[in-house]
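Enquirer: Please read through the structure below; I'll follow up with questions.
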Amino acid sequence: MDRSNSVNRREAHTTNGTKKTQEELLVQEEEQEVLSVERIFESKQVPSWQSQLTLRAFFVSLILGILFTFIVMKLNLTTGIIPSLNVSAGLLGFFFVKTWTKFLDKSGFLKQPFTRQENTVIQTCVVATSGIAFSGGFGSYLFGMSEVIAKQSTEANAADNVKNPSLGWMITFLFVVSFLGLFSVVPLRKIMIIDFKLIYPSGTATAHLINSFHTPQGAKLAKKQVKALGKFFTFSFLWGFFQWFFTGGDGCGFGSFPTFGLKAFENRFYFDFSATYVGVGMICPYLINVSLLVGAILSWGIMWPLIEDRKGHWYPADQSPSSLHGIQGYRVFIAIAMILGDGLYNFIKVLGRTLYGIYCQFREKKTGSVLPVGARASPAEASLSYDDQIRTELFLKDQIPMWVAIVGYVSIAIISTITLPHIFHQLNWYYIVVIYIFAPALAFCNAYGCGLTDWSLASTYGKLAIFTIGAWAGASHGGVLAGLAACGVMMNIVTTASDLTQDFKTGYMTLASPRSMFISQIIGTAMGCVISPCVFWLFYKAFHDLGVPGSEYPAPYALVYRNMSILGVEGFSALPKNCLTLCYIFFIGAIAINALRDALGKNKAKYIPLPMAMAIPFYLGSYFAIDMCLGSLILFIWTKINKAKADAFGPAVASGLICGDGIWTLPSSILALSGVNPPICMKFLSRKDNIRVDKFMKP
């Protein structure tokens, strides 16, 4: 649309100053027509909001929601790095319903054609469903309450600060906290999308993708993309199945292959043959993948070996490697310091931009200017484009009454305030009331900041709740559990708020009704409140070492969040010697690196690593960073050979790798629950150890 406006404003003169010919002006007019998306769909009638909500759309959403919940849950419980799956959701939704309607059309039973509005409803519902797997805290605050994680900390592991997972209370908890964010931002949708004209990069990109699917050329390309996705899905699934045969014990299989030697393997430098993280690496920007590798080299390559050399001086020599009073304490708390430093800096930056943007909006409202986001002309300089006129008219047509938002928010808040203290007796009703008073303002800030930067600070707001409510409750009154529960309440509100505004932007650009978007988000959230706990429960029952460091599913952020809550309640007394000093250094370092990135500008900042990404391997190791860098390398080489093909098919190939390996966890969980164990243990030993084993086994 910006390009269209620039064409409108362009002077009709040639370079030598003479006027363009009539023929050249006609060519320019044709160029404008091509750049207008809505003129392509001009002949197609926009269905009513009720017609956009079809039974087939929600059936497909349910199937894809289960698939993506497994994928997000696996990522949550392994590294906590979750890429955007919007492209996969939109593509697979288009493929399934298009196949369905084509079959019905040939049979003569097709009553309603498949539209881009229905495609948007599916994408919204799927992302809402799988999003609960993240905001539900199954890899962070919620699992951090469990006995498995509490045992890894010697502090605050009394019964008052422990709550083991159970399907009943998890589903109830999610139902009473996951809908508040939706109602909190409904009254602000016009301000965000029409008045402030916020970009919402992910929502805009998804809309462009869906619009392209429903053009003749886009449909052909989508068919090829789905074929590529299916091919790599099959490969990834079969590769996971093949690997399973060799994992008949601890430390067995391709996932424990000492790629760079046994010494490097001891320091967690190896390639673990994970198709999931190769795919994630192809989706994530190069900078994130390189930042992960830099963090791994800094921690496991330099710092941890140096600190281990001080065993007996800085911490007891007989301390268990998994104890937070030993080397594990440095790994966890320094990672927390970097995460908090990065989160604080970005919180202040985004909040500052938000407040400044609102100030500019209201100060310049009388002059008719808009928020200075991107290279956009103000209404005083240029009138709305044809696309924006059509989109604005339809966006404002189906209003969601203000009373629905107010009654919905107040009703759910009352139910939640009554219910939550019965689930967590440490969380008093007045803590919840305070959260709900401030939550709409924080939800607005997060949704607004997400529209400016595409950066959701949901986890940062959650950490804010951990420290404030945890300290308020106190150590003697279950403050650790109260802080974690408060984190869950806050994270769910601000996450769903920013997700819904992203969906409103997508709906605005695909002419999907705000009502259909809102209802789709509610239905998707409701499905997620049931599906996500059930999927987590399957993992919890199938894998008995879930949450244990070094296991297949270590759930690293569960321990990180619990220890943040302990810090908020008990202070720094639990830290090993010199750990606090190192935490200060890395906390300040994270802020300084972010400030340097902003000071140098966008072009130079892409060569400076991200502190948040650097912090993740401090605790986990570098194996997944190597996988992701390999994914980046594959995409980089592919781009150099054929950029157009890499841009078109790269996301589809990556999604296939992620989905295939992710869905393999379902049959592997069922096999584990059934007591079917892998028949082979493939293990790698040094020559010296191998000789000893041979001697021991000889009769």
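Just so we're on the same page: first chain in the structure tokens is A, next is B, and so on; residues restart at 1 for each chain, and ligands are numbered from 1 in the order they show up.
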I want to know what sits within 9 Å of Thr120 in chain A, based on only C-alpha atoms, with residues of the same chain fewer than 4 positions away left out; could you give that as a list in words?
Expert: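 Result of the neighbour search: Gln52, Gly90, Gly93, Thr115, Arg116, Thr124, Cys125, Thr206, Ala207, Ile210, Asp503, Thr506, Gly507, Thr510, Ala512 and Met517 of chain A.
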Enquirer: DSSP says helix (DSSP H, G or I) for which residues of range 37-222 of chain A? Put them as JSON, numbers by chain?
Expert: {"A": [37, 38, 39, 40, 49, 50, 51, 52, 55, 56, 57, 58, 59, 60, 61, 62, 63, 64, 65, 66, 67, 68, 69, 70, 71, 72, 73, 74, 75, 76, 77, 78, 86, 87, 88, 89, 90, 91, 92, 93, 94, 95, 96, 97, 98, 99, 100, 101, 102, 103, 104, 105, 106, 107, 116, 117, 118, 119, 120, 121, 122, 123, 124, 125, 126, 127, 128, 129, 130, 131, 132, 133, 134, 135, 143, 144, 145, 147, 148, 149, 150, 159, 160, 161, 167, 168, 169, 170, 171, 172, 173, 174, 175, 176, 177, 180, 181, 182, 183, 184, 185, 186, 187, 188, 189, 190, 191, 192, 193, 194, 195, 201, 202, 203, 204, 205, 206, 207, 208, 209, 210, 211, 212, 213, 216, 217, 218, 219, 220, 221, 222]}
Enquirer: In Å to one decimal, how far is CA of Pro285 in chain A from CA of Met628 in chain A?
Expert: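 Atom-to-atom, CA of Met628 in chain A and CA of Pro285 in chain A are spaced 10.1 Å apart.
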Enquirer: As a list in words, please: the residues near Gln225 in chain A (cut-off 8 Å, only C-alpha atoms, same-chain neighbours under 4 positions excluded).
Expert: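 Within the cut-off, the hits are Leu221, Leu229, Ala648, Phe649 and Ala652 of chain A.
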Enquirer: Find, counting only C-alpha atoms, the residue in A:Leu427, A:Cys583, A:Ala441, A:Ala335 that gets nearest to Ala473 in chain A.
Expert: A:Leu427
Enquirer: As a ChimeraX atom specification, please: the residues near Val148 in chain A (cut-off 10 Å, only C-alpha atoms, same-chain neighbours under 3 positions excluded).
Expert: /A:143-145,151-153,162,164,544-548,558-559
